[in-house]
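Participant: Let me give you the structure first, and then I'll get to my questions.
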Amino acid sequence: MAKPELPAMDTSKAQANGGVADADAGDQHRPPRWYGVLIGLVAAGLGLAFGELVAGFSRALRSPVVSVGDRVIDRVPKFLEDFAKRTFGPESDKTVLRLSILVVIAIAAALVGIATVRGRRSIGIAFAAAFGLLGALAAGVGRNTRFVGVVPSLVAAAVAGGVLVFGHRLAHPEPVVASARPHQANSAQAALNSQAASTVDRRRFLTTTGGLAVGALLVTTIGKSLQGRFDSSLVRAGVRLPKPVDPLPPPPSDLALLAGNEGLSSLITPIKSFYRIDTALSFPSVALSSWRMKVTGKVDNPLTLSYDDILNRTLIERDITISCVSNEVGGDLVGNARWIGCRLDDLLKEAGVHSDADQVLGVSVDGFTAGFPVTTLDGRDALIAVGMNGEALPVRNGFPARIIVPGIYGYVSAVKWLSEIRLTRFDTEEGYWVPRGWATLAPVKTQSRIDRPGGNVKAGATHLAGIAWAPTRGIDKAEIQVDDGPWMETTLGPSLGNNSWRQWWLQWDAPAGRHQIRVRATDGTGETQTEQRTQVAPDGASGWHTIRVDVSA
Ligand SMILES: Nc1nc2c(c(=O)[nH]1)N[C@H]1C(S)=C(S)[C@@H](COP(=O)(O)O)O[C@H]1N2
Ligand SMILES: [Mo]
């Protein structure tokens, strides 16, 4: 049996030979760490791959990473989320979260792999089970959870556990040869034999784990493409919105398009540049045929509306600026769109709101909630919106339907992927952000922003331009101050009504040097926005947007 190339019993040689036996390991057969790392990674990879696959079986399921991500989002304070948004961008922050979860899982998996491969396989089983339970908990307990949601995580854990057990065996090849010739099996010989087996196994080990890794990629690809079936954008592409009864005239010519106004926000924000804020790690997907919007709670006649029911109601079109409460002074979490939808007040009239209900609470398909006073609806064009800028509501902005209420921040009103409107009481139920430290009532503060110049300029004629908004009150005036000079009234752009922002601009003869420029707006009631700077929490930032510009001679 003895082969000529058998390694010597010298452990340092064995290590050079691929580290099959560690010098520090009293046990000659202890597999090297990297065996464990590979096994751990492959176990997690294949487990998650099967999680993705199972998530592709039903719309009601989500992959383990998404389920865990949802719970992370629910626990992360808003300032951290906003920070992530500012740092990585409104879409990439979600990618960063997914990647972070994957990195944490990978590190944990590598450690578990090492512990399993160098220890007992029960370690792997125990950890896989623990991770599976964690994933199941994330998918089964929380805002957007269902009982069947636990399945992908449990399957993932079972697969990962299986791979760990398999990997343990792979790393501990039976000393086949030694046992085949028991009469020769003194311990030194057995060690030599099994060590030889392990050395040969190194290649087998690599091809096997490599094969599993490829399998994981394949299964993930299949899972992802199965999940693609549930992508709402496919359904949305087939939607044709009826014309609103009072379609708005085309918006007046846009100041932003004038020469010298490059950088000024357009009067209507294009869909592709509209801001996006939500807690959804992956867009909730709805089957239009089974989607329903219910009016429930303290009402005489609970209502259930299908998508067609909403389209068949009287649809109106309104220009409304919406803003996020986390919009910093000068920030870009604000947009102006032409919303198409049915009136919310009419709908609630039909439902017959009880006099003891004081809150309208919107609930989304993914369990987000936002509430505002019933009285807010008085005299406001609040909508169940199904259209935006002439198109069906984009998926990221809430397809198939969302609430839009002029004059209050998005977190207390603008529920996307709407599934229910619940008439309730503030003293029994609060919207998602309220227990997280944000105000119960949140009217939009009068704000203004300098869009241009966006950078430094040359001395001489320069266009200063920007926007100002005070939805429901309208904008009467926007003024600019350079350094300590007098406040100068700017030219206001066309008005699309009191709910919509207005553009402003002013030609400035810029002298060389460094200058401070400030803007302030006055709303339709004659009130000028306060200079008082406040943080975004708990009810929105206030203060004058101020920029510094270097003017070169
Ligand atoms: N379902 C759901 N709707 C939601 C949110 C959310 O997290 N989930 N966020 C709200 C917040 S905080 C804001 S500012 C607006 C943003 O709307 P937009 O993404 O269309 O700009 O949506 C609101 N509607
Ligand atoms: Mo928001």
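Identifiers for the structure tokens are assigned positionally: chains receive A, B, ... in sequence, residues are indexed from 1 per chain, and ligands are indexed from 1 in the order shown.
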Counting only C-alpha atoms, what is within 8 Å of Leu464 (chain A), bar same-chain residues fewer than 6 positions away, as a VMD selection string?
Facilitator: chain A and resid 261 450 to 453 505 to 508
Participant: Store the residues picked out above in a file with N, CA and C atoms, as a PDB file, in the first residue's frame.
Facilitator:
ATOM      1  N   ASN A 261     -30.928  79.303 -17.090  1.00  0.00           N
ATOM      2  CA  ASN A 261     -31.572  78.708 -15.915  1.00  0.00           C
ATOM      3  C   ASN A 261     -31.218  77.235 -15.706  1.00  0.00           C
ATOM      4  N   ILE A 450     -32.356  77.224  -3.179  1.00  0.00           N
ATOM      5  CA  ILE A 450     -31.574  77.815  -4.277  1.00  0.00           C
ATOM      6  C   ILE A 450     -31.036  76.670  -5.128  1.00  0.00           C
ATOM      7  N   ASP A 451     -31.453  76.615  -6.395  1.00  0.00           N
ATOM      8  CA  ASP A 451     -30.979  75.552  -7.289  1.00  0.00           C
ATOM      9  C   ASP A 451     -29.729  75.963  -8.063  1.00  0.00           C
ATOM     10  N   ARG A 452     -29.691  77.236  -8.417  1.00  0.00           N
ATOM     11  CA  ARG A 452     -28.524  77.700  -9.155  1.00  0.00           C
ATOM     12  C   ARG A 452     -28.103  79.064  -8.671  1.00  0.00           C
ATOM     13  N   PRO A 453     -26.825  79.392  -8.667  1.00  0.00           N
ATOM     14  CA  PRO A 453     -25.773  78.563  -9.246  1.00  0.00           C
ATOM     15  C   PRO A 453     -25.502  77.317  -8.388  1.00  0.00           C
ATOM     16  N   TRP A 505     -36.695  83.301  -9.953  1.00  0.00           N
ATOM     17  CA  TRP A 505     -35.370  83.612 -10.466  1.00  0.00           C
ATOM     18  C   TRP A 505     -35.081  85.079 -10.393  1.00  0.00           C
ATOM     19  N   LEU A 506     -33.805  85.381 -10.437  1.00  0.00           N
ATOM     20  CA  LEU A 506     -33.362  86.758 -10.285  1.00  0.00           C
ATOM     21  C   LEU A 506     -32.022  86.899 -10.990  1.00  0.00           C
ATOM     22  N   GLN A 507     -31.907  87.968 -11.790  1.00  0.00           N
ATOM     23  CA  GLN A 507     -30.602  88.196 -12.399  1.00  0.00           C
ATOM     24  C   GLN A 507     -29.747  89.001 -11.431  1.00  0.00           C
ATOM     25  N   TRP A 508     -28.539  88.532 -11.253  1.00  0.00           N
ATOM     26  CA  TRP A 508     -27.648  89.147 -10.264  1.00  0.00           C
ATOM     27  C   TRP A 508     -26.347  89.503 -10.946  1.00  0.00           C
TER      28      TRP A 508
END
Participant: As a list in words, please: every protein or nucleic acid residue near ligand 1 (cut-off 6 Å, counting only C-alpha atoms and all ligand atoms).
Facilitator: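 Result of the 6 Å neighbour search around ligand 1: Tyr275, Arg276, Ile277, Asp278, Thr279, Ser323, Cys324, Ser364, Phe368, Asn397, Gly410, Tyr411, Ala414, Val415, Lys416 and Trp417 of chain A.
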Participant: Write the selection just made, keeping C-alpha atoms, as a compact mmCIF listing (two decimals), in the first residue's frame?
Facilitator:
# COMPACT_ATOMS: atom_id res chain seq x y z
CA TYR A 275 -37.45 61.40 -4.98
CA ARG A 276 -38.18 58.08 -3.34
CA ILE A 277 -38.46 57.35 0.37
CA ASP A 278 -39.85 54.20 1.93
CA THR A 279 -39.11 51.23 4.13
CA SER A 323 -42.12 66.44 0.57
CA CYS A 324 -40.41 64.19 3.03
CA SER A 364 -49.87 49.56 2.75
CA PHE A 368 -46.47 50.58 6.47
CA ASN A 397 -44.08 55.58 -6.17
CA GLY A 410 -45.36 62.05 3.30
CA TYR A 411 -44.80 60.04 6.48
CA ALA A 414 -48.67 59.49 1.37
CA VAL A 415 -49.01 55.70 1.80
CA LYS A 416 -47.79 53.87 -1.31
CA TRP A 417 -48.92 50.38 -2.37
Participant: So that I can see what lies close to region 90-105 of chain A, please list as a compact mmCIF listing (two decimals) with all heavy atoms, in the first residue's frame the residues with an atom at most 12 Å from it, counting only C-alpha atoms and leaving out residues fewer than 4 positions away in the same chain.
Facilitator:
# COMPACT_ATOMS: atom_id res chain seq x y z
N GLY A 40 -18.19 26.78 4.92
CA GLY A 40 -19.16 27.71 5.50
C GLY A 40 -19.78 28.61 4.43
O GLY A 40 -21.00 28.78 4.37
N LEU A 41 -18.92 29.17 3.58
CA LEU A 41 -19.42 30.07 2.53
C LEU A 41 -20.34 29.33 1.56
O LEU A 41 -21.40 29.83 1.18
CB LEU A 41 -18.24 30.70 1.77
CG LEU A 41 -17.41 31.70 2.55
CD1 LEU A 41 -16.26 32.25 1.69
CD2 LEU A 41 -18.28 32.85 3.06
N VAL A 42 -19.92 28.14 1.18
CA VAL A 42 -20.73 27.38 0.23
C VAL A 42 -22.07 26.97 0.87
O VAL A 42 -23.11 27.01 0.22
CB VAL A 42 -19.93 26.15 -0.27
CG1 VAL A 42 -20.85 25.14 -0.90
CG2 VAL A 42 -18.87 26.60 -1.26
N ALA A 43 -22.01 26.62 2.16
CA ALA A 43 -23.25 26.25 2.85
C ALA A 43 -24.23 27.43 2.87
O ALA A 43 -25.41 27.29 2.52
CB ALA A 43 -22.94 25.79 4.28
N ALA A 44 -23.70 28.61 3.26
CA ALA A 44 -24.57 29.79 3.30
C ALA A 44 -25.06 30.14 1.90
O ALA A 44 -26.24 30.44 1.70
CB ALA A 44 -23.81 30.97 3.91
N GLY A 45 -24.15 30.07 0.94
CA GLY A 45 -24.50 30.43 -0.44
C GLY A 45 -25.60 29.53 -0.98
O GLY A 45 -26.59 30.00 -1.54
N GLY A 47 -27.62 27.64 0.76
CA GLY A 47 -28.83 27.83 1.57
C GLY A 47 -29.61 29.05 1.07
O GLY A 47 -30.81 28.96 0.78
N LEU A 48 -28.91 30.19 0.95
CA LEU A 48 -29.58 31.41 0.50
C LEU A 48 -30.14 31.24 -0.91
O LEU A 48 -31.21 31.75 -1.24
CB LEU A 48 -28.63 32.60 0.55
CG LEU A 48 -28.22 33.03 1.96
CD1 LEU A 48 -27.22 34.18 1.91
CD2 LEU A 48 -29.45 33.44 2.78
N SER A 63 -37.36 36.39 0.11
CA SER A 63 -36.11 35.68 0.36
C SER A 63 -35.64 35.99 1.78
O SER A 63 -35.99 37.02 2.36
CB SER A 63 -35.06 36.09 -0.66
OG SER A 63 -34.52 37.33 -0.29
N PRO A 64 -34.83 35.09 2.38
CA PRO A 64 -34.36 35.33 3.75
C PRO A 64 -33.65 36.67 3.89
O PRO A 64 -33.86 37.38 4.88
CB PRO A 64 -33.39 34.17 3.98
CG PRO A 64 -33.85 33.08 3.07
CD PRO A 64 -34.42 33.76 1.86
N VAL A 65 -32.84 37.05 2.91
CA VAL A 65 -32.10 38.32 3.03
C VAL A 65 -33.06 39.50 3.08
O VAL A 65 -32.90 40.42 3.89
CB VAL A 65 -31.11 38.49 1.85
CG1 VAL A 65 -30.46 39.86 1.89
CG2 VAL A 65 -30.05 37.40 1.90
N VAL A 66 -34.10 39.46 2.26
CA VAL A 66 -35.08 40.55 2.25
C VAL A 66 -35.85 40.58 3.57
O VAL A 66 -36.08 41.65 4.15
CB VAL A 66 -36.04 40.41 1.05
CG1 VAL A 66 -37.19 41.40 1.16
CG2 VAL A 66 -35.29 40.63 -0.26
N SER A 67 -36.22 39.41 4.08
CA SER A 67 -36.95 39.36 5.35
C SER A 67 -36.12 39.95 6.48
O SER A 67 -36.60 40.76 7.27
CB SER A 67 -37.31 37.92 5.70
OG SER A 67 -38.24 37.42 4.78
N VAL A 68 -34.85 39.56 6.54
CA VAL A 68 -33.98 40.09 7.59
C VAL A 68 -33.80 41.60 7.38
O VAL A 68 -33.86 42.38 8.33
CB VAL A 68 -32.62 39.36 7.58
CG1 VAL A 68 -31.61 40.08 8.46
CG2 VAL A 68 -32.80 37.91 8.04
N GLY A 69 -33.62 41.99 6.12
CA GLY A 69 -33.45 43.42 5.81
C GLY A 69 -34.64 44.25 6.28
O GLY A 69 -34.47 45.34 6.80
N ASP A 70 -35.84 43.72 6.09
CA ASP A 70 -37.04 44.44 6.52
C ASP A 70 -37.01 44.71 8.02
O ASP A 70 -37.38 45.79 8.47
CB ASP A 70 -38.30 43.63 6.18
CG ASP A 70 -38.67 43.77 4.70
OD1 ASP A 70 -38.19 44.73 4.06
OD2 ASP A 70 -39.43 42.92 4.20
N ARG A 71 -36.57 43.71 8.77
CA ARG A 71 -36.53 43.89 10.23
C ARG A 71 -35.44 44.87 10.62
O ARG A 71 -35.59 45.64 11.57
CB ARG A 71 -36.33 42.55 10.94
CG ARG A 71 -37.46 41.54 10.74
CD ARG A 71 -38.78 41.97 11.38
NE ARG A 71 -39.51 42.98 10.62
CZ ARG A 71 -40.21 42.72 9.52
NH1 ARG A 71 -40.33 41.50 9.07
NH2 ARG A 71 -40.82 43.69 8.88
N VAL A 72 -34.31 44.85 9.87
CA VAL A 72 -33.25 45.82 10.15
C VAL A 72 -33.80 47.22 9.91
O VAL A 72 -33.64 48.11 10.74
CB VAL A 72 -32.02 45.56 9.24
CG1 VAL A 72 -31.00 46.68 9.40
CG2 VAL A 72 -31.40 44.21 9.58
N ILE A 73 -34.49 47.42 8.79
CA ILE A 73 -35.05 48.73 8.45
C ILE A 73 -36.00 49.21 9.56
O ILE A 73 -35.95 50.36 9.98
CB ILE A 73 -35.82 48.66 7.11
CG1 ILE A 73 -34.81 48.55 5.97
CG2 ILE A 73 -36.71 49.87 6.91
CD1 ILE A 73 -35.43 48.33 4.61
N VAL A 76 -33.79 50.36 12.55
CA VAL A 76 -32.81 51.44 12.35
C VAL A 76 -33.49 52.79 12.56
O VAL A 76 -34.57 53.03 12.05
CB VAL A 76 -32.24 51.34 10.92
CG1 VAL A 76 -31.79 52.69 10.41
CG2 VAL A 76 -31.09 50.35 10.88
N LEU A 80 -30.32 57.43 10.78
CA LEU A 80 -29.35 56.53 10.16
C LEU A 80 -29.78 56.17 8.74
O LEU A 80 -28.98 56.14 7.81
CB LEU A 80 -29.26 55.25 10.99
CG LEU A 80 -27.88 54.90 11.53
CD1 LEU A 80 -27.96 53.66 12.41
CD2 LEU A 80 -26.89 54.69 10.40
N GLU A 81 -31.09 55.93 8.63
CA GLU A 81 -31.64 55.61 7.31
C GLU A 81 -31.45 56.81 6.37
O GLU A 81 -31.03 56.64 5.22
CB GLU A 81 -33.13 55.30 7.48
CG GLU A 81 -33.75 54.63 6.27
CD GLU A 81 -35.26 54.50 6.46
OE1 GLU A 81 -35.68 54.17 7.58
OE2 GLU A 81 -35.97 54.75 5.48
N ASP A 82 -31.74 58.00 6.88
CA ASP A 82 -31.59 59.19 6.06
C ASP A 82 -30.13 59.41 5.69
O ASP A 82 -29.79 59.81 4.58
CB ASP A 82 -32.13 60.42 6.79
CG ASP A 82 -33.62 60.31 7.00
OD1 ASP A 82 -34.27 59.59 6.23
OD2 ASP A 82 -34.14 60.93 7.95
N PHE A 83 -29.24 59.11 6.68
CA PHE A 83 -27.81 59.23 6.43
C PHE A 83 -27.42 58.29 5.29
O PHE A 83 -26.72 58.68 4.35
CB PHE A 83 -27.02 58.89 7.69
CG PHE A 83 -25.55 58.67 7.44
CD1 PHE A 83 -24.70 59.76 7.28
CD2 PHE A 83 -25.04 57.40 7.33
CE1 PHE A 83 -23.36 59.56 7.02
CE2 PHE A 83 -23.70 57.18 7.06
CZ PHE A 83 -22.85 58.27 6.91
N ALA A 84 -27.91 57.06 5.36
CA ALA A 84 -27.60 56.08 4.32
C ALA A 84 -28.10 56.56 2.98
O ALA A 84 -27.44 56.42 1.96
CB ALA A 84 -28.22 54.73 4.68
N LYS A 85 -29.30 57.17 3.02
CA LYS A 85 -29.89 57.66 1.79
C LYS A 85 -29.04 58.78 1.18
O LYS A 85 -28.78 58.82 -0.01
CB LYS A 85 -31.29 58.20 2.09
CG LYS A 85 -32.29 57.67 1.14
CD LYS A 85 -33.66 57.57 1.73
CE LYS A 85 -34.09 56.16 1.58
NZ LYS A 85 -34.87 55.56 2.54
N ARG A 86 -28.60 59.69 2.06
CA ARG A 86 -27.79 60.81 1.58
C ARG A 86 -26.44 60.31 1.07
O ARG A 86 -25.91 60.81 0.09
CB ARG A 86 -27.58 61.82 2.69
CG ARG A 86 -28.70 62.84 2.80
CD ARG A 86 -28.25 64.06 3.59
NE ARG A 86 -27.80 63.70 4.93
CZ ARG A 86 -28.61 63.48 5.96
NH1 ARG A 86 -29.90 63.59 5.80
NH2 ARG A 86 -28.13 63.17 7.14
N ALA A 109 -20.82 32.68 8.50
CA ALA A 109 -20.77 31.36 7.86
C ALA A 109 -19.36 30.81 7.85
O ALA A 109 -19.13 29.62 8.10
CB ALA A 109 -21.31 31.44 6.43
N ALA A 110 -18.37 31.69 7.58
CA ALA A 110 -16.98 31.24 7.57
C ALA A 110 -16.59 30.71 8.94
O ALA A 110 -15.96 29.64 9.07
CB ALA A 110 -16.08 32.39 7.14
N LEU A 111 -16.98 31.45 9.99
CA LEU A 111 -16.63 31.03 11.35
C LEU A 111 -17.32 29.71 11.69
O LEU A 111 -16.70 28.79 12.24
CB LEU A 111 -17.03 32.12 12.36
CG LEU A 111 -16.25 33.43 12.22
CD1 LEU A 111 -16.79 34.48 13.18
CD2 LEU A 111 -14.77 33.18 12.47
N VAL A 112 -18.59 29.62 11.35
CA VAL A 112 -19.33 28.39 11.63
C VAL A 112 -18.71 27.23 10.84
O VAL A 112 -18.57 26.11 11.35
CB VAL A 112 -20.83 28.55 11.27
CG1 VAL A 112 -21.56 27.21 11.35
CG2 VAL A 112 -21.50 29.57 12.19
N GLY A 113 -18.30 27.52 9.61
CA GLY A 113 -17.67 26.49 8.78
C GLY A 113 -16.41 25.95 9.44
O GLY A 113 -16.20 24.74 9.54
N PHE A 127 -25.90 25.76 14.37
CA PHE A 127 -25.85 27.13 13.87
C PHE A 127 -26.81 27.34 12.69
O PHE A 127 -27.47 28.37 12.60
CB PHE A 127 -24.43 27.54 13.48
CG PHE A 127 -23.66 28.11 14.64
CD1 PHE A 127 -22.76 27.32 15.35
CD2 PHE A 127 -23.86 29.42 15.03
CE1 PHE A 127 -22.07 27.84 16.43
CE2 PHE A 127 -23.17 29.95 16.11
CZ PHE A 127 -22.26 29.16 16.81
N ALA A 128 -26.85 26.35 11.80
CA ALA A 128 -27.78 26.47 10.67
C ALA A 128 -29.21 26.60 11.19
O ALA A 128 -29.99 27.44 10.71
CB ALA A 128 -27.64 25.26 9.75
N PHE A 131 -29.72 30.14 12.63
CA PHE A 131 -29.90 31.14 11.57
C PHE A 131 -31.26 30.99 10.89
O PHE A 131 -31.91 31.97 10.56
CB PHE A 131 -28.77 31.06 10.54
CG PHE A 131 -27.53 31.78 10.98
CD1 PHE A 131 -26.41 31.07 11.39
CD2 PHE A 131 -27.49 33.16 11.01
CE1 PHE A 131 -25.26 31.73 11.82
CE2 PHE A 131 -26.35 33.83 11.44
CZ PHE A 131 -25.23 33.11 11.84
N GLY A 132 -31.65 29.73 10.71
CA GLY A 132 -32.95 29.47 10.10
C GLY A 132 -34.07 30.06 10.95
O GLY A 132 -35.00 30.69 10.43
N LEU A 134 -33.82 32.52 13.06
CA LEU A 134 -33.72 33.97 13.00
C LEU A 134 -34.41 34.50 11.74
O LEU A 134 -35.20 35.45 11.79
CB LEU A 134 -32.24 34.36 12.97
CG LEU A 134 -31.81 35.51 13.87
CD1 LEU A 134 -32.05 35.17 15.33
CD2 LEU A 134 -30.33 35.83 13.63
N GLY A 135 -34.10 33.85 10.62
CA GLY A 135 -34.72 34.24 9.35
C GLY A 135 -36.22 34.05 9.40
O GLY A 135 -37.00 34.90 8.94
N ALA A 160 -28.34 24.65 4.17
CA ALA A 160 -27.04 25.05 4.72
C ALA A 160 -26.55 24.00 5.71
O ALA A 160 -25.37 23.63 5.71
CB ALA A 160 -27.16 26.42 5.38
N SER A 273 -36.81 61.45 -12.04
CA SER A 273 -36.00 62.11 -11.02
C SER A 273 -36.80 62.42 -9.75
O SER A 273 -36.32 63.11 -8.86
CB SER A 273 -35.37 63.39 -11.58
OG SER A 273 -36.32 64.16 -12.28
N PHE A 274 -38.02 61.89 -9.66
CA PHE A 274 -38.81 62.11 -8.45
C PHE A 274 -38.17 61.38 -7.29
O PHE A 274 -37.70 60.25 -7.43
CB PHE A 274 -40.25 61.61 -8.64
CG PHE A 274 -41.25 62.36 -7.78
CD1 PHE A 274 -41.86 63.51 -8.25
CD2 PHE A 274 -41.53 61.92 -6.50
CE1 PHE A 274 -42.76 64.21 -7.45
CE2 PHE A 274 -42.42 62.61 -5.69
CZ PHE A 274 -43.05 63.76 -6.17
N TYR A 275 -38.12 62.03 -6.13
CA TYR A 275 -37.45 61.40 -4.98
C TYR A 275 -38.22 60.14 -4.55
O TYR A 275 -39.38 59.95 -4.92
CB TYR A 275 -37.30 62.39 -3.83
CG TYR A 275 -38.53 62.58 -2.95
CD1 TYR A 275 -38.67 61.88 -1.76
CD2 TYR A 275 -39.52 63.48 -3.31
CE1 TYR A 275 -39.78 62.05 -0.94
CE2 TYR A 275 -40.63 63.66 -2.50
CZ TYR A 275 -40.76 62.95 -1.32
OH TYR A 275 -41.84 63.13 -0.51
N ARG A 276 -37.53 59.29 -3.83
CA ARG A 276 -38.18 58.08 -3.34
C ARG A 276 -37.75 57.84 -1.89
O ARG A 276 -36.57 57.83 -1.56
CB ARG A 276 -37.75 56.87 -4.16
CG ARG A 276 -38.27 55.58 -3.56
CD ARG A 276 -37.55 54.35 -4.07
NE ARG A 276 -37.87 53.23 -3.19
CZ ARG A 276 -37.20 52.09 -3.18
NH1 ARG A 276 -36.19 51.90 -3.99
NH2 ARG A 276 -37.55 51.13 -2.34
N ILE A 277 -38.74 57.69 -1.03
CA ILE A 277 -38.46 57.35 0.37
C ILE A 277 -39.46 56.30 0.80
O ILE A 277 -40.67 56.46 0.63
CB ILE A 277 -38.66 58.58 1.29
CG1 ILE A 277 -37.62 59.68 1.01
CG2 ILE A 277 -38.60 58.18 2.76
CD1 ILE A 277 -36.24 59.38 1.53
N ASP A 278 -38.96 55.19 1.33
CA ASP A 278 -39.85 54.20 1.93
C ASP A 278 -39.04 53.15 2.66
O ASP A 278 -37.82 53.15 2.62
CB ASP A 278 -40.73 53.53 0.86
CG ASP A 278 -39.90 52.97 -0.28
OD1 ASP A 278 -39.07 52.11 -0.01
OD2 ASP A 278 -40.08 53.42 -1.43
N THR A 279 -39.75 52.28 3.34
CA THR A 279 -39.11 51.23 4.13
C THR A 279 -39.04 49.92 3.35
O THR A 279 -38.72 48.89 3.93
CB THR A 279 -39.93 50.97 5.41
OG1 THR A 279 -41.24 50.57 5.01
CG2 THR A 279 -40.03 52.20 6.29
N ALA A 280 -39.35 49.96 2.06
CA ALA A 280 -39.44 48.72 1.30
C ALA A 280 -38.09 48.32 0.70
O ALA A 280 -37.53 49.04 -0.11
CB ALA A 280 -40.46 48.87 0.18
N LEU A 281 -37.58 47.17 1.13
CA LEU A 281 -36.31 46.68 0.61
C LEU A 281 -36.49 46.15 -0.79
O LEU A 281 -35.64 46.29 -1.65
CB LEU A 281 -35.77 45.59 1.55
CG LEU A 281 -34.36 45.10 1.29
CD1 LEU A 281 -33.40 46.26 1.16
CD2 LEU A 281 -33.93 44.19 2.41
N SER A 282 -37.62 45.50 -1.03
CA SER A 282 -37.97 45.15 -2.40
C SER A 282 -39.41 45.63 -2.58
O SER A 282 -40.21 45.57 -1.65
CB SER A 282 -37.85 43.66 -2.65
OG SER A 282 -38.85 42.97 -1.94
N PHE A 283 -39.72 46.14 -3.77
CA PHE A 283 -41.04 46.72 -3.97
C PHE A 283 -42.12 45.69 -3.73
O PHE A 283 -42.04 44.58 -4.26
CB PHE A 283 -41.19 47.25 -5.40
CG PHE A 283 -40.28 48.39 -5.70
CD1 PHE A 283 -39.46 48.35 -6.81
CD2 PHE A 283 -40.25 49.50 -4.88
CE1 PHE A 283 -38.61 49.42 -7.09
CE2 PHE A 283 -39.41 50.56 -5.15
CZ PHE A 283 -38.59 50.52 -6.26
N ASP A 332 -33.24 67.66 -1.41
CA ASP A 332 -33.99 67.33 -2.63
C ASP A 332 -35.06 66.24 -2.42
O ASP A 332 -35.47 65.59 -3.37
CB ASP A 332 -33.03 66.92 -3.75
CG ASP A 332 -32.15 65.75 -3.35
OD1 ASP A 332 -32.36 65.19 -2.26
OD2 ASP A 332 -31.25 65.40 -4.14
N LEU A 333 -35.51 66.07 -1.16
CA LEU A 333 -36.58 65.09 -0.92
C LEU A 333 -37.93 65.78 -1.05
O LEU A 333 -38.76 65.78 -0.13
CB LEU A 333 -36.43 64.45 0.47
CG LEU A 333 -35.10 63.72 0.68
CD1 LEU A 333 -35.04 63.11 2.08
CD2 LEU A 333 -34.90 62.64 -0.37
N ARG A 396 -42.24 52.31 -7.97
CA ARG A 396 -41.51 52.87 -6.84
C ARG A 396 -42.30 53.97 -6.12
O ARG A 396 -42.03 54.29 -4.97
CB ARG A 396 -40.15 53.42 -7.29
CG ARG A 396 -40.24 54.55 -8.28
CD ARG A 396 -38.97 54.69 -9.08
NE ARG A 396 -37.86 55.24 -8.32
CZ ARG A 396 -37.70 56.53 -8.07
NH1 ARG A 396 -38.60 57.42 -8.48
NH2 ARG A 396 -36.66 56.96 -7.40
Participant: I need the residues in region 18-223 of chain A that are alpha helix (DSSP H) according to DSSP; give them as number ranges by chain.
Facilitator: A: 33-55, 64-75, 78-88, 92-118, 121-140, 150-171, 176-180, 187-223
Participant: For CA of Thr428 (chain A) and CA of Val412 (chain A), determine how far apart the two atoms are, in Å to one decimal place.
Facilitator: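 If I compute the distance from CA of Thr428 (chain A) to CA of Val412 (chain A), I get 15.9 Å.
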Participant: Please determine, counting only C-alpha atoms, which residue among A:Val239, A:Val214, A:Val405, A:Leu264 has the shortest atom-to-atom distance to Ser289 (chain A).
Facilitator: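 Closest residue, counting only C-alpha atoms: A:Val239.
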Participant: Determine which residues of region 300-443 of chain A DSSP labels as strand (DSSP E or B) from the backbone of this structure, then write them out as number ranges by chain.
Facilitator: A: 303-306, 315-323, 334-343, 353, 359-364, 369-373, 383-388, 391-392, 402-404, 408, 418-424, 443
Participant: In terms of the shortest atom-to-atom distance over only C-alpha atoms and all ligand atoms, which of A:Val245, A:Ile421, A:Ala470, A:Val325 is closest to ligand 2?
Facilitator: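 Among A:Val245, A:Ile421, A:Ala470, A:Val325, it is A:Val325 that comes nearest to ligand 2.
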Participant: Point out the residue among A:Trp34, A:Tyr307, A:Phe399, A:Trp438 with the least atom-to-atom distance to Ala370 (chain A), counting only C-alpha atoms.
Facilitator: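 Smallest distance to Ala370 (chain A) is found for A:Trp438.
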Participant: With distances taken over only C-alpha atoms, which of A:Gly341, A:Arg422, A:Leu38, A:Asp246 is nearest to Pro302 (chain A)?
Facilitator: A:Arg422
Participant: Got a sec: who's within 12 Å of Ser122 (chain A), counting only C-alpha atoms, leaving out chain neighbours fewer than 3 positions off, as a list in words?
Facilitator: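 Selected residues are Val112, Gly113, Ala115, Thr116, Val117, Arg118, Gly119, Ile125, Ala126, Phe127, Ala128, Ala129, Gly161, Gly162, Leu164, Val165, Phe166, His168 and Arg169 of chain A.
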